[in-house]
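Visitor: I have a structure here, written as structure tokens, and I will follow up with some questions on it.
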Amino acid sequence: MSQTKSGLIVPSKRSNIDSFIAMDIVSKAAKLTAAGEDVISLAVGQPCASAPKAALTAAANALKDGVISYTNAPGIDGLRQRIALHYRETYDVEVDPARIYVTTGSSAGFVLSFLSMFEAGARIAIPSPGYPAYRNIIKSLSMVPVEIETSHDSRWTLNAQLLEAAHKKNKIDGLLFANPNNPNGTMLQRDGFATLLHKAQELGIRFISDEIYHGLTYDFDAASALEYGDDVIVINSFSKYFCMTGWRIGWMIVPESLMRTIDKLQQNLFICAPQISQIAAAAAFEGKAEMELVHRGYKTNRKLLLQRLPKLGITNIQPIDGAFYAYGDISQLSDNSVDFASKILEHTKVAVTPGVDFDLSRGKSWMRFCFAANHQRLVEAFDRLDKWLGIEQN
Ligand SMILES: Cc1ncc(COP(=O)(O)O)c(C=O)c1O
């Protein structure tokens, strides 16, 4: 048989995005674990706890039937109605279930919102430090991420002034904002959040609110963008509060003006979210008491990190108002967080994430520690780090 031409299959320019370094570290950690090493991972933002028991039971019952099928594109009615009830219970907001779309994690919600609202070349603001996939999804869809640096002066969160200043320099079309934020857990309080949202709308910037860490806050609650009107997109997920990362299930709430567009995009891009995960997710809400215990565990872990990171020489920890991350300054220990994370993994078998994932310009001096781990394992991780750095334990 004659050979066809080779060298035709090459990556597109728009797929030329950065890797998600946390995931690269996970691969290294998995190799070490496979080789018999006792690795403690504080690298990936995922709870070590199980999904709610009710979710597991619902999924197990569904599996007994054997037929796991497509659902309609927006998702099963029972789940959409349960999510609507969640908005009434949690935020005192009425949401028509018809506006709720069940997605393959919040990750699919980002793709759907960008494609539904923006043209190629649109400029979408995101905070820096921020969740790296935002930048990479925006780029891969031929749009332009506009990273707005936060700092000590803005208490490490985006605000209305920073958004306005960036917009004045060069027009912005959309804003994707997580509150609490990843990698630092830092939040705007209710007033600041409302001011940011109103400023965005005044400037004609479409607001996408990533509410994935709602329910996981420590000193004050998070406001939903839906409390201030319907002309926003809200994205959320079962991954974090409900400990369901691997189920790949989330949701988005869109204004009526976007419903048919999201329908068509979901039908064609994803068909629907996995049915088994939708069934489990509808039952997950019954497990809120269980999840509150997990949340309480994070509070204890947070206290531990706030005590032990400074002893290691990791300082300037950005305010951990929510989520389950500590983002600290490592410049007393190293000037290169990527090398330092590799050394930590090599010498202590503790996996952590270098800041360059979250902040391209300043991330070499920062490191993220996820504290959604089992408490004893977290203590063990810090004992290993103390020992390696020669810190006396007391
Ligand atoms: C801020 C933020 N948004 C979205 C996601 C993606 O979550 P998922 O696709 O599992 O819902 C993450 C994951 O870490 C995150 O930190």
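Residues in the structure tokens are named by chain (A, B, ... in the order shown) and by number from 1 within that chain; ligands are numbered from 1 in the order shown.
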With the cut-off set at 6 Å and counting only C-alpha atoms, tabulate each residue of range 304-387 of chain A with an atom at most that distance from an atom of range 43-47 of chain A, showing the nearest atom pair and its distance in Å to one decimal, ordered by chain and increasing number, as CSV.
Guide:
residue,atom,partner,partner_atom,distance
A:Ala351,CA,A:Ala43,CA,5.3
A:Val352,CA,A:Ala43,CA,4.2
A:Thr353,CA,A:Ala43,CA,5.0
A:Cys370,CA,A:Gly45,CA,5.9
A:Ala372,CA,A:Pro47,CA,4.8
Visitor: May I have the residues within 7 Å of ligand 1, computed using only C-alpha atoms and all ligand atoms, as a PyMOL selection string?
Guide: chain A and resi 45+105-108+131+178+181-182+210+212+236-239+245+248-250
Visitor: Let's have the selection written as a PDB file, in the first residue's frame, with C-alpha atoms.
Guide:
ATOM      1  CA  GLY A  45      -7.712  21.642  44.213  1.00  0.00           C
ATOM      2  CA  GLY A 105     -18.295  20.554  35.286  1.00  0.00           C
ATOM      3  CA  SER A 106     -18.013  24.305  35.432  1.00  0.00           C
ATOM      4  CA  SER A 107     -15.254  23.937  32.834  1.00  0.00           C
ATOM      5  CA  ALA A 108     -17.862  23.283  30.119  1.00  0.00           C
ATOM      6  CA  TYR A 131      -7.372  30.126  37.834  1.00  0.00           C
ATOM      7  CA  ALA A 178     -14.483  33.988  40.951  1.00  0.00           C
ATOM      8  CA  ASN A 181     -10.811  33.194  44.023  1.00  0.00           C
ATOM      9  CA  ASN A 182      -8.346  30.414  43.226  1.00  0.00           C
ATOM     10  CA  ASP A 210     -17.765  31.730  38.831  1.00  0.00           C
ATOM     11  CA  ILE A 212     -17.672  27.300  42.395  1.00  0.00           C
ATOM     12  CA  ASN A 236     -21.183  26.664  39.523  1.00  0.00           C
ATOM     13  CA  SER A 237     -20.205  23.060  40.069  1.00  0.00           C
ATOM     14  CA  PHE A 238     -20.635  20.020  42.265  1.00  0.00           C
ATOM     15  CA  SER A 239     -16.840  19.566  42.275  1.00  0.00           C
ATOM     16  CA  THR A 245     -14.644  16.510  41.077  1.00  0.00           C
ATOM     17  CA  ARG A 248     -17.713  16.117  36.002  1.00  0.00           C
ATOM     18  CA  ILE A 249     -20.930  17.851  36.786  1.00  0.00           C
ATOM     19  CA  GLY A 250     -21.806  21.527  37.184  1.00  0.00           C
TER      20      GLY A 250
END
Visitor: Tell me which protein, DNA and RNA residues are within 10 Å of range 283-298 of chain A, counting only C-alpha atoms, leaving out same-chain ones fewer than 2 positions away, and put them as a PyMOL selection string.
Guide: chain A and resi 47-59+78-79+82-83+86+215-218+238+240-244+277-281+300-304+322-325+371-375
Visitor: Put those residues in a file: C-alpha atoms, as a PDB file, in the first residue's frame.
Guide:
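Heads up, here's the output in part.pdb:
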ATOM      1  CA  PRO A  47     -11.432  17.488  48.338  1.00  0.00           C
ATOM      2  CA  CYS A  48     -10.191  14.206  49.766  1.00  0.00           C
ATOM      3  CA  ALA A  49     -13.691  13.497  51.116  1.00  0.00           C
ATOM      4  CA  SER A  50     -16.273  11.362  49.350  1.00  0.00           C
ATOM      5  CA  ALA A  51     -19.350  12.660  47.552  1.00  0.00           C
ATOM      6  CA  PRO A  52     -22.482  12.751  49.748  1.00  0.00           C
ATOM      7  CA  LYS A  53     -23.793   9.277  50.598  1.00  0.00           C
ATOM      8  CA  ALA A  54     -27.167  10.093  49.032  1.00  0.00           C
ATOM      9  CA  ALA A  55     -25.398  10.837  45.740  1.00  0.00           C
ATOM     10  CA  LEU A  56     -23.546   7.513  45.840  1.00  0.00           C
ATOM     11  CA  THR A  57     -26.759   5.604  46.594  1.00  0.00           C
ATOM     12  CA  ALA A  58     -28.675   7.328  43.808  1.00  0.00           C
ATOM     13  CA  ALA A  59     -25.912   6.536  41.329  1.00  0.00           C
ATOM     14  CA  GLY A  78     -35.458  17.061  38.751  1.00  0.00           C
ATOM     15  CA  LEU A  79     -31.898  18.346  38.997  1.00  0.00           C
ATOM     16  CA  ARG A  82     -33.422  21.172  42.805  1.00  0.00           C
ATOM     17  CA  ILE A  83     -30.808  23.713  41.754  1.00  0.00           C
ATOM     18  CA  HIS A  86     -30.961  25.860  46.168  1.00  0.00           C
ATOM     19  CA  GLY A 215     -20.475  27.391  50.593  1.00  0.00           C
ATOM     20  CA  LEU A 216     -16.764  27.175  51.431  1.00  0.00           C
ATOM     21  CA  THR A 217     -16.202  30.481  53.179  1.00  0.00           C
ATOM     22  CA  TYR A 218     -14.826  31.246  56.655  1.00  0.00           C
ATOM     23  CA  PHE A 238     -20.635  20.020  42.265  1.00  0.00           C
ATOM     24  CA  LYS A 240     -15.840  21.533  45.362  1.00  0.00           C
ATOM     25  CA  TYR A 241     -18.583  21.937  48.015  1.00  0.00           C
ATOM     26  CA  PHE A 242     -20.113  18.539  47.177  1.00  0.00           C
ATOM     27  CA  CYS A 243     -16.713  16.808  46.734  1.00  0.00           C
ATOM     28  CA  MET A 244     -17.613  15.509  43.263  1.00  0.00           C
ATOM     29  CA  SER A 277     -23.684  12.233  37.382  1.00  0.00           C
ATOM     30  CA  GLN A 278     -26.885  14.217  36.965  1.00  0.00           C
ATOM     31  CA  ILE A 279     -28.791  11.621  38.992  1.00  0.00           C
ATOM     32  CA  ALA A 280     -26.121  11.668  41.698  1.00  0.00           C
ATOM     33  CA  ALA A 281     -26.028  15.477  41.736  1.00  0.00           C
ATOM     34  CA  THR A 300      -9.207  23.316  61.156  1.00  0.00           C
ATOM     35  CA  ASN A 301      -6.804  22.747  58.271  1.00  0.00           C
ATOM     36  CA  ARG A 302      -6.782  26.444  57.448  1.00  0.00           C
ATOM     37  CA  LYS A 303      -5.732  27.251  61.004  1.00  0.00           C
ATOM     38  CA  LEU A 304      -2.915  24.712  60.758  1.00  0.00           C
ATOM     39  CA  GLY A 322     -12.882  31.014  51.350  1.00  0.00           C
ATOM     40  CA  ALA A 323     -12.026  27.960  49.182  1.00  0.00           C
ATOM     41  CA  PHE A 324      -9.280  25.635  50.457  1.00  0.00           C
ATOM     42  CA  TYR A 325      -5.991  27.168  49.383  1.00  0.00           C
ATOM     43  CA  PHE A 371      -5.669  22.157  52.329  1.00  0.00           C
ATOM     44  CA  ALA A 372      -8.626  19.977  51.281  1.00  0.00           C
ATOM     45  CA  ALA A 373      -6.541  17.028  52.475  1.00  0.00           C
ATOM     46  CA  ASN A 374      -7.071  14.740  55.444  1.00  0.00           C
ATOM     47  CA  HIS A 375      -5.907  16.595  58.578  1.00  0.00           C
TER      48      HIS A 375
END
Visitor: Taking only C-alpha atoms into account, which of A:Pro129, A:Ser342, A:Asp191, A:His167 comes nearest Trp366 in chain A?
Guide: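 Ranked by minimum distance to Trp366 in chain A, first place goes to A:Pro129.
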Visitor: Find the distance between CA of Ile100 in chain A and CA of Ile253 in chain A and write it in Å to one decimal.
Guide: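 If I compute the distance from CA of Ile100 in chain A to CA of Ile253 in chain A, I get 4.6 Å.
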Visitor: Wanna dump the range 62-133 of chain A-range 262-271 of chain A contacts at 10 Å for me, each residue with its shortest atom pair and the distance in Å to one decimal, counting only C-alpha atoms, ordered by chain and number, as a tab-separated table?
Guide:
residue	atom	partner	partner_atom	distance
A:Tyr70	CA	A:Ile271	CA	7.4
A:Thr71	CA	A:Ile271	CA	8.1
A:Asn72	CA	A:Ile271	CA	7.7
A:Ala73	CA	A:Gln267	CA	5.4
A:Pro74	CA	A:Asp263	CA	6.5
A:Gly75	CA	A:Ile271	CA	9.8
A:Arg99	CA	A:Ile262	CA	9.8
A:Tyr101	CA	A:Ile262	CA	8.0
A:Val102	CA	A:Gln266	CA	9.4
A:Thr103	CA	A:Gln266	CA	8.2
A:Thr104	CA	A:Phe270	CA	8.0
A:Ala108	CA	A:Phe270	CA	8.5
A:Gly109	CA	A:Gln266	CA	9.5
A:Val111	CA	A:Leu265	CA	9.5
A:Leu112	CA	A:Ile262	CA	6.6
A:Ser113	CA	A:Ile262	CA	7.8
A:Leu115	CA	A:Leu265	CA	8.1
A:Ser116	CA	A:Ile262	CA	6.5
A:Met117	CA	A:Ile262	CA	9.7
Visitor: Hey, can you spit out that residue selection with C-alpha atoms as a PDB file, in the first residue's frame?
Guide:
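Saved the output as part-v5.pdb:
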ATOM      1  CA  TYR A  70     -28.356  10.678  26.968  1.00  0.00           C
ATOM      2  CA  THR A  71     -30.624  13.186  28.629  1.00  0.00           C
ATOM      3  CA  ASN A  72     -32.076  16.304  27.066  1.00  0.00           C
ATOM      4  CA  ALA A  73     -29.389  18.936  26.497  1.00  0.00           C
ATOM      5  CA  PRO A  74     -30.190  21.263  29.423  1.00  0.00           C
ATOM      6  CA  GLY A  75     -30.268  18.386  31.905  1.00  0.00           C
ATOM      7  CA  ARG A  99     -32.671  29.124  32.744  1.00  0.00           C
ATOM      8  CA  TYR A 101     -28.228  24.293  32.198  1.00  0.00           C
ATOM      9  CA  VAL A 102     -26.452  21.273  33.631  1.00  0.00           C
ATOM     10  CA  THR A 103     -22.886  21.118  32.345  1.00  0.00           C
ATOM     11  CA  THR A 104     -19.879  18.809  32.329  1.00  0.00           C
ATOM     12  CA  ALA A 108     -17.862  23.283  30.119  1.00  0.00           C
ATOM     13  CA  GLY A 109     -19.831  26.276  31.438  1.00  0.00           C
ATOM     14  CA  VAL A 111     -16.735  27.293  27.019  1.00  0.00           C
ATOM     15  CA  LEU A 112     -20.499  27.673  26.594  1.00  0.00           C
ATOM     16  CA  SER A 113     -20.550  31.181  28.009  1.00  0.00           C
ATOM     17  CA  LEU A 115     -18.952  30.962  22.710  1.00  0.00           C
ATOM     18  CA  SER A 116     -22.503  32.118  23.321  1.00  0.00           C
ATOM     19  CA  MET A 117     -21.667  35.768  24.057  1.00  0.00           C
TER      20      MET A 117
END
Visitor: Looking at A:Lys349, A:Lys13, A:Lys364, A:Lys5, which one is nearest to Ser337 in chain A, with distances taken over only C-alpha atoms?
Guide: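 Distance minimum relative to Ser337 in chain A lands on A:Lys364.
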Visitor: Would you mind telling me which residue in A:Ala381, A:Ala98, A:Val350, A:Val338 lies nearest to Val39 in chain A when using only C-alpha atoms?
Guide: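 The shortest atom-to-atom distance to Val39 in chain A comes from A:Val350.
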Visitor: Among range 195-337 of chain A, which residues does DSSP mark as strand (DSSP E) when it is run on the backbone? Keep the chain and numbering as in the structure and answer as a ChimeraX atom specification.
Guide: /A:206-210,233-237,250-253,325-329
Visitor: Please write the residues from the selection above to a file, keeping N, CA and C atoms, as a CSV table (one decimal), in the first residue's frame.
Guide:
chain,number,residue,atom,x,y,z
A,206,ARG,N,-19.8,42.3,30.0
A,206,ARG,CA,-20.7,41.2,30.4
A,206,ARG,C,-20.1,40.5,31.6
A,207,PHE,N,-20.8,40.2,32.6
A,207,PHE,CA,-20.3,39.6,33.8
A,207,PHE,C,-20.6,38.1,33.9
A,208,ILE,N,-19.5,37.4,34.1
A,208,ILE,CA,-19.6,35.9,34.3
A,208,ILE,C,-19.1,35.7,35.7
A,209,SER,N,-20.0,35.1,36.6
A,209,SER,CA,-19.7,34.9,38.0
A,209,SER,C,-19.4,33.4,38.2
A,210,ASP,N,-18.1,33.1,38.5
A,210,ASP,CA,-17.8,31.7,38.8
A,210,ASP,C,-18.0,31.5,40.3
A,233,ILE,N,-24.2,35.9,33.8
A,233,ILE,CA,-24.1,34.4,33.7
A,233,ILE,C,-23.5,33.9,35.0
A,234,VAL,N,-24.1,32.9,35.7
A,234,VAL,CA,-23.6,32.3,36.9
A,234,VAL,C,-23.2,30.9,36.6
A,235,ILE,N,-22.0,30.6,37.0
A,235,ILE,CA,-21.4,29.2,36.8
A,235,ILE,C,-21.1,28.6,38.1
A,236,ASN,N,-21.5,27.3,38.3
A,236,ASN,CA,-21.2,26.7,39.5
A,236,ASN,C,-21.0,25.2,39.2
A,237,SER,N,-20.7,24.4,40.3
A,237,SER,CA,-20.2,23.1,40.1
A,237,SER,C,-20.5,22.2,41.3
A,250,GLY,N,-21.6,20.2,36.7
A,250,GLY,CA,-21.8,21.5,37.2
A,250,GLY,C,-23.1,22.1,36.6
A,251,TRP,N,-23.2,23.4,36.7
A,251,TRP,CA,-24.4,24.1,36.1
A,251,TRP,C,-24.1,25.5,35.7
A,252,MET,N,-24.9,26.1,34.9
A,252,MET,CA,-24.8,27.5,34.6
A,252,MET,C,-26.2,28.1,34.5
A,253,ILE,N,-26.4,29.3,34.9
A,253,ILE,CA,-27.7,30.0,34.8
A,253,ILE,C,-27.5,31.2,33.9
A,325,TYR,N,-7.4,26.9,49.8
A,325,TYR,CA,-6.0,27.2,49.4
A,325,TYR,C,-5.3,28.2,50.3
A,326,ALA,N,-4.0,28.0,50.4
A,326,ALA,CA,-3.1,29.1,51.0
A,326,ALA,C,-2.1,29.4,49.9
A,327,TYR,N,-2.0,30.7,49.6
A,327,TYR,CA,-1.1,31.2,48.5
A,327,TYR,C,-0.1,32.1,49.2
A,328,GLY,N,1.1,31.6,49.3
A,328,GLY,CA,2.1,32.3,50.1
A,328,GLY,C,3.4,32.6,49.3
A,329,ASP,N,4.1,33.6,49.8
A,329,ASP,CA,5.3,34.2,49.2
A,329,ASP,C,6.5,33.3,49.7
Visitor: Write out as a PyMOL selection string which residues come within 12 Å of Val146 in chain A when counting only C-alpha atoms, dropping same-chain ones fewer than 5 positions away.
Guide: chain A and resi 121-128+130+134-136+138-139+162-163+166-167+169-176
Visitor: Restrict the selected residues to N, CA and C atoms and save them as a PDB file, in the first residue's frame.
Guide:
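New file part16.pdb:
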ATOM      1  N   GLY A 121     -11.657  37.211  19.096  1.00  0.00           N
ATOM      2  CA  GLY A 121     -10.987  38.504  19.305  1.00  0.00           C
ATOM      3  C   GLY A 121     -11.522  39.264  20.506  1.00  0.00           C
ATOM      4  N   ALA A 122     -12.641  38.808  21.096  1.00  0.00           N
ATOM      5  CA  ALA A 122     -13.199  39.516  22.265  1.00  0.00           C
ATOM      6  C   ALA A 122     -12.178  39.523  23.386  1.00  0.00           C
ATOM      7  N   ARG A 123     -12.224  40.602  24.176  1.00  0.00           N
ATOM      8  CA  ARG A 123     -11.259  40.761  25.268  1.00  0.00           C
ATOM      9  C   ARG A 123     -11.967  40.480  26.600  1.00  0.00           C
ATOM     10  N   ILE A 124     -11.480  39.459  27.279  1.00  0.00           N
ATOM     11  CA  ILE A 124     -12.160  39.028  28.504  1.00  0.00           C
ATOM     12  C   ILE A 124     -11.213  39.191  29.697  1.00  0.00           C
ATOM     13  N   ALA A 125     -11.681  39.966  30.662  1.00  0.00           N
ATOM     14  CA  ALA A 125     -10.847  40.250  31.834  1.00  0.00           C
ATOM     15  C   ALA A 125     -10.922  39.108  32.839  1.00  0.00           C
ATOM     16  N   ILE A 126      -9.768  38.799  33.412  1.00  0.00           N
ATOM     17  CA  ILE A 126      -9.671  37.810  34.489  1.00  0.00           C
ATOM     18  C   ILE A 126      -8.634  38.339  35.492  1.00  0.00           C
ATOM     19  N   PRO A 127      -8.739  37.965  36.758  1.00  0.00           N
ATOM     20  CA  PRO A 127      -7.749  38.466  37.705  1.00  0.00           C
ATOM     21  C   PRO A 127      -6.454  37.652  37.649  1.00  0.00           C
ATOM     22  N   SER A 128      -5.375  38.310  38.041  1.00  0.00           N
ATOM     23  CA  SER A 128      -4.095  37.622  38.178  1.00  0.00           C
ATOM     24  C   SER A 128      -3.509  37.996  39.543  1.00  0.00           C
ATOM     25  N   GLY A 130      -4.950  34.097  39.244  1.00  0.00           N
ATOM     26  CA  GLY A 130      -6.278  33.548  39.009  1.00  0.00           C
ATOM     27  C   GLY A 130      -6.163  32.122  38.498  1.00  0.00           C
ATOM     28  N   TYR A 134      -8.783  29.643  32.931  1.00  0.00           N
ATOM     29  CA  TYR A 134      -9.513  30.778  32.334  1.00  0.00           C
ATOM     30  C   TYR A 134      -8.731  31.298  31.118  1.00  0.00           C
ATOM     31  N   ARG A 135      -7.453  31.629  31.407  1.00  0.00           N
ATOM     32  CA  ARG A 135      -6.603  32.220  30.367  1.00  0.00           C
ATOM     33  C   ARG A 135      -6.494  31.270  29.164  1.00  0.00           C
ATOM     34  N   ASN A 136      -6.316  30.000  29.471  1.00  0.00           N
ATOM     35  CA  ASN A 136      -6.054  29.039  28.399  1.00  0.00           C
ATOM     36  C   ASN A 136      -7.308  28.711  27.585  1.00  0.00           C
ATOM     37  N   ILE A 138      -9.825  30.818  27.139  1.00  0.00           N
ATOM     38  CA  ILE A 138     -10.085  32.046  26.356  1.00  0.00           C
ATOM     39  C   ILE A 138      -9.196  32.058  25.109  1.00  0.00           C
ATOM     40  N   LYS A 139      -7.900  31.746  25.315  1.00  0.00           N
ATOM     41  CA  LYS A 139      -6.966  31.761  24.170  1.00  0.00           C
ATOM     42  C   LYS A 139      -7.357  30.711  23.139  1.00  0.00           C
ATOM     43  N   LEU A 162      -9.971  48.804  39.564  1.00  0.00           N
ATOM     44  CA  LEU A 162      -9.004  48.107  38.695  1.00  0.00           C
ATOM     45  C   LEU A 162      -9.642  47.762  37.350  1.00  0.00           C
ATOM     46  N   LEU A 163     -10.915  47.355  37.398  1.00  0.00           N
ATOM     47  CA  LEU A 163     -11.605  46.995  36.146  1.00  0.00           C
ATOM     48  C   LEU A 163     -11.756  48.229  35.260  1.00  0.00           C
ATOM     49  N   ALA A 166      -8.452  49.270  33.643  1.00  0.00           N
ATOM     50  CA  ALA A 166      -8.051  48.384  32.537  1.00  0.00           C
ATOM     51  C   ALA A 166      -8.922  48.663  31.308  1.00  0.00           C
ATOM     52  N   HIS A 167     -10.208  48.906  31.534  1.00  0.00           N
ATOM     53  CA  HIS A 167     -11.149  49.158  30.429  1.00  0.00           C
ATOM     54  C   HIS A 167     -10.819  50.467  29.707  1.00  0.00           C
ATOM     55  N   LYS A 169      -7.868  51.739  29.410  1.00  0.00           N
ATOM     56  CA  LYS A 169      -6.655  51.526  28.596  1.00  0.00           C
ATOM     57  C   LYS A 169      -7.009  50.874  27.267  1.00  0.00           C
ATOM     58  N   ASN A 170      -7.865  49.852  27.349  1.00  0.00           N
ATOM     59  CA  ASN A 170      -8.231  49.098  26.151  1.00  0.00           C
ATOM     60  C   ASN A 170      -9.545  48.377  26.437  1.00  0.00           C
ATOM     61  N   LYS A 171     -10.531  48.644  25.627  1.00  0.00           N
ATOM     62  CA  LYS A 171     -11.902  48.192  25.890  1.00  0.00           C
ATOM     63  C   LYS A 171     -11.983  46.691  26.214  1.00  0.00           C
ATOM     64  N   ILE A 172     -12.774  46.403  27.253  1.00  0.00           N
ATOM     65  CA  ILE A 172     -12.966  45.005  27.675  1.00  0.00           C
ATOM     66  C   ILE A 172     -14.406  44.604  27.357  1.00  0.00           C
ATOM     67  N   ASP A 173     -14.597  43.376  26.884  1.00  0.00           N
ATOM     68  CA  ASP A 173     -15.940  42.914  26.518  1.00  0.00           C
ATOM     69  C   ASP A 173     -16.607  42.091  27.624  1.00  0.00           C
ATOM     70  N   GLY A 174     -15.804  41.386  28.389  1.00  0.00           N
ATOM     71  CA  GLY A 174     -16.399  40.508  29.409  1.00  0.00           C
ATOM     72  C   GLY A 174     -15.483  40.393  30.612  1.00  0.00           C
ATOM     73  N   LEU A 175     -16.074  39.985  31.719  1.00  0.00           N
ATOM     74  CA  LEU A 175     -15.286  39.758  32.941  1.00  0.00           C
ATOM     75  C   LEU A 175     -15.685  38.406  33.512  1.00  0.00           C
ATOM     76  N   LEU A 176     -14.686  37.593  33.811  1.00  0.00           N
ATOM     77  CA  LEU A 176     -14.930  36.324  34.503  1.00  0.00           C
ATOM     78  C   LEU A 176     -14.311  36.457  35.888  1.00  0.00           C
TER      79      LEU A 176
END
Visitor: Mind the document's chain letters and residue numbers, and return as a PyMOL selection string the residues of range 197-365 of chain A that DSSP labels helix (DSSP H, G or I).
Guide: chain A and resi 197-202+225-228+245-247+256-269+275-312+337-348+355-357+363-365
